[in-house]
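Notes follow once the structure below has been shown.
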Amino acid sequence: MREIKEASYIDYIFLFGMCRNAQTDGSVKRALEGGGKILILYEDAAAAGFLCYERFLEHYNVLYAYTVENKRDTGIFTELMQYFKDNKILPVICVMSVKAKSYGFVSAALKKLGFKCEESCEMYECDENGYAEWERYMHEKGHKLTEMLERQGFVCRLFSESSPELLDELYHSHENEFKNHLYPRQYFIHGSILIINTRI
């Protein structure tokens, strides 16, 4: 028998201590601090998986989902997402890299639940007069951030290292079907970092 319940940070620590790391802890804390929750699926009274999410403006972001190893391929993730989607009045968004090991499975599960797959590109910048500040930021935090993203399967690169096709897509991104809310053309003279991901 399966049951899904809301949980606390203490519940997460005690029930999923074997899978905890900096990323999972950070995701759960961010969920609870961002108006979201942790959902735990119990199977025969034992914790089989969890999902955490935050509220962001007019939608919800799924921050992390985990299934206990011996329960994988039994529909735990799909059931958590179905429950989450059915009990929310705002749109639900999942973001992950196409290079993530679980991308194929997650993408297929979400499409079955009615999610639409969209590609997105996010851009980080520094002020044109603040290059020294940008270097300080990169030294203190930026390099750690890019390393963390790369461990998750994202690709971080400078404009100068990007393909002409990618640059052209970014240059015209405010005109395409996704209607990028930024106007990236003005940033092409800077060495901003690109973070490429896929939004599902």
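For the structure tokens, the naming scheme is as follows: chains receive sequential letters (A, B, ...) according to their order of presentation, residues are indexed from 1 within each chain, and ligands are indexed from 1 in presentation order.
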
Subject >> Contacts of Thr78 (chain A) at 9 Å (only C-alpha atoms; same-chain gap of 3+ positions) as a PyMOL selection string >> reply: chain A and resi 74-75+81-83+106+109-110+112-113

Residues from last step as file, N, CA and C atoms, as a PDB file, in the first residue's frame:
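Saved as again-v6.pdb:
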ATOM      1  N   THR A  74       9.594   1.333 -10.305  1.00  0.00           N
ATOM      2  CA  THR A  74       8.303   0.836  -9.808  1.00  0.00           C
ATOM      3  C   THR A  74       7.242   1.946  -9.789  1.00  0.00           C
ATOM      4  N   GLY A  75       7.561   3.094 -10.409  1.00  0.00           N
ATOM      5  CA  GLY A  75       6.580   4.166 -10.523  1.00  0.00           C
ATOM      6  C   GLY A  75       6.542   5.144  -9.365  1.00  0.00           C
ATOM      7  N   MET A  81       4.992  12.772  -8.736  1.00  0.00           N
ATOM      8  CA  MET A  81       4.717  13.884  -9.644  1.00  0.00           C
ATOM      9  C   MET A  81       3.234  14.012  -9.949  1.00  0.00           C
ATOM     10  N   GLN A  82       2.552  12.881 -10.095  1.00  0.00           N
ATOM     11  CA  GLN A  82       1.108  12.915 -10.354  1.00  0.00           C
ATOM     12  C   GLN A  82       0.374  13.547  -9.176  1.00  0.00           C
ATOM     13  N   TYR A  83       0.739  13.139  -7.984  1.00  0.00           N
ATOM     14  CA  TYR A  83       0.116  13.679  -6.773  1.00  0.00           C
ATOM     15  C   TYR A  83       0.384  15.183  -6.677  1.00  0.00           C
ATOM     16  N   VAL A 106      13.119  10.446 -16.721  1.00  0.00           N
ATOM     17  CA  VAL A 106      12.323  11.552 -16.170  1.00  0.00           C
ATOM     18  C   VAL A 106      11.499  12.218 -17.264  1.00  0.00           C
ATOM     19  N   ALA A 109       8.571  10.002 -18.242  1.00  0.00           N
ATOM     20  CA  ALA A 109       7.543   9.979 -17.198  1.00  0.00           C
ATOM     21  C   ALA A 109       6.731  11.266 -17.195  1.00  0.00           C
ATOM     22  N   LEU A 110       7.417  12.407 -17.331  1.00  0.00           N
ATOM     23  CA  LEU A 110       6.713  13.682 -17.299  1.00  0.00           C
ATOM     24  C   LEU A 110       5.835  13.880 -18.531  1.00  0.00           C
ATOM     25  N   LYS A 112       4.287  11.561 -20.112  1.00  0.00           N
ATOM     26  CA  LYS A 112       3.088  10.749 -19.893  1.00  0.00           C
ATOM     27  C   LYS A 112       2.097  11.447 -18.976  1.00  0.00           C
ATOM     28  N   LEU A 113       2.625  12.296 -18.089  1.00  0.00           N
ATOM     29  CA  LEU A 113       1.772  13.031 -17.155  1.00  0.00           C
ATOM     30  C   LEU A 113       1.237  14.331 -17.751  1.00  0.00           C
TER      31      LEU A 113
END

**OP:** If you run DSSP over the backbone, which residues in region 2-199 of chain A end up strand (DSSP E or B)? Put them as a ChimeraX atom specification.
**Re:** /A:2-7,37-43,46-56,59-67,92-96,118-124,155-158,193-199

**OP:** Extract, using only C-alpha atoms, all DNA, RNA and protein residues at most 10 Å from region 12-24 of chain A, discarding same-chain residues fewer than 6 positions from it, and format them as a list of chain:residue names.
**Re:**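 The residues satisfying every condition are A:Arg30, A:Ile38, A:Leu39, A:Ile40, A:Ala46, A:Ala47, A:Ala48, A:Gly49, A:Phe50, A:Cys52, A:Leu63, A:Tyr64, A:Ala65, A:Tyr66, A:Thr67, A:Val68, A:Glu69, A:Met148, A:Gln152.
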
**OP:** Using CA of Phe84 (chain A) and CA of Tyr60 (chain A) as the two end points, give the distance in Å to one decimal.
**Re:** 9.9 Å

**OP:** Would you mind listing what lies within 7 Å of region 53-58 of chain A as a list in words, with only C-alpha atoms counted and same-chain residues fewer than 4 positions away left out?
**Re:** Ala31, Gly34, Gly35, Gly36, Lys37, Ile38, Val62, Leu63 and Leu90 of chain A

Output the selection as a CSV table (one decimal), in the first residue's frame - N, CA and C atoms for each residue.
chain,number,residue,atom,x,y,z
A,31,ALA,N,13.6,24.5,-0.7
A,31,ALA,CA,12.1,24.2,-0.8
A,31,ALA,C,11.4,24.8,0.4
A,34,GLY,N,11.4,28.5,0.5
A,34,GLY,CA,10.8,29.2,-0.6
A,34,GLY,C,9.3,28.9,-0.8
A,35,GLY,N,8.7,28.7,0.3
A,35,GLY,CA,7.2,28.5,0.2
A,35,GLY,C,6.8,27.1,-0.3
A,36,GLY,N,7.7,26.2,-0.3
A,36,GLY,CA,7.4,24.9,-0.8
A,36,GLY,C,7.3,23.8,0.3
A,37,LYS,N,7.4,22.5,-0.1
A,37,LYS,CA,7.2,21.4,0.8
A,37,LYS,C,8.1,20.3,0.3
A,38,ILE,N,8.1,19.3,1.2
A,38,ILE,CA,8.7,18.0,0.9
A,38,ILE,C,7.6,17.0,0.9
A,62,VAL,N,10.1,22.1,-9.3
A,62,VAL,CA,10.5,20.9,-8.6
A,62,VAL,C,12.0,21.0,-8.5
A,63,LEU,N,12.5,20.9,-7.2
A,63,LEU,CA,13.9,21.1,-7.0
A,63,LEU,C,14.7,19.8,-6.9
A,90,LEU,N,-1.2,26.1,-9.6
A,90,LEU,CA,-0.3,26.9,-10.4
A,90,LEU,C,0.5,25.9,-11.3

Subject >> Those of region 76-117 of chain A in DSSP helix (DSSP H, G or I), formatted as JSON, numbers by chain >> reply: {"A": [76, 77, 78, 79, 80, 81, 82, 83, 84, 85, 86, 103, 104, 105, 106, 107, 108, 109, 110, 111, 112]}

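Separating CA of Tyr9 (chain A) from CA of Phe77 (chain A) is a distance of 19.6 Å.
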
Subject >> Test item: residues at most 12 Å from Ser107 (chain A), only C-alpha atoms, excluding those fewer than 4 positions along its chain, as JSON, numbers by chain >> reply: {"A": [77, 78, 81, 94, 95, 96, 97, 98, 99, 100, 101, 102, 103, 111, 112, 113, 114, 115, 116, 117, 118, 198, 199, 200]}

Pull C-alpha atoms from the residues just selected and write them as an mmCIF file, in the first residue's frame.
data_model
loop_
_atom_site.group_PDB
_atom_site.id
_atom_site.type_symbol
_atom_site.label_atom_id
_atom_site.label_comp_id
_atom_site.auth_asym_id
_atom_site.auth_seq_id
_atom_site.Cartn_x
_atom_site.Cartn_y
_atom_site.Cartn_z
ATOM 1 C CA PHE A 77 8.695 9.176 -9.156
ATOM 2 C CA THR A 78 5.668 9.131 -11.462
ATOM 3 C CA MET A 81 4.717 13.884 -9.644
ATOM 4 C CA CYS A 94 10.928 20.733 -13.742
ATOM 5 C CA VAL A 95 14.375 21.762 -14.972
ATOM 6 C CA MET A 96 17.213 19.356 -15.722
ATOM 7 C CA SER A 97 20.163 18.902 -18.019
ATOM 8 C CA VAL A 98 19.771 16.700 -21.072
ATOM 9 C CA LYS A 99 23.079 15.103 -20.019
ATOM 10 C CA ALA A 100 21.786 13.946 -16.639
ATOM 11 C CA LYS A 101 21.780 10.142 -16.308
ATOM 12 C CA SER A 102 18.075 10.055 -15.478
ATOM 13 C CA TYR A 103 17.029 12.520 -18.200
ATOM 14 C CA LYS A 111 5.477 13.549 -20.885
ATOM 15 C CA LYS A 112 3.088 10.749 -19.893
ATOM 16 C CA LEU A 113 1.772 13.031 -17.155
ATOM 17 C CA GLY A 114 1.050 15.775 -19.695
ATOM 18 C CA PHE A 115 4.133 17.948 -19.250
ATOM 19 C CA LYS A 116 5.422 19.833 -22.295
ATOM 20 C CA CYS A 117 9.146 19.730 -23.074
ATOM 21 C CA GLU A 118 10.818 23.079 -23.771
ATOM 22 C CA THR A 198 16.517 21.714 -20.747
ATOM 23 C CA ARG A 199 13.247 22.706 -19.098
ATOM 24 C CA ILE A 200 10.561 20.046 -19.000
#

Subject >> Computed interatomic separation between CA of Leu149 (chain A) and CA of Arg72 (chain A) (Å) >> reply: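 According to the coordinates, CA of Leu149 (chain A) and CA of Arg72 (chain A) are separated by 24.4 Å.
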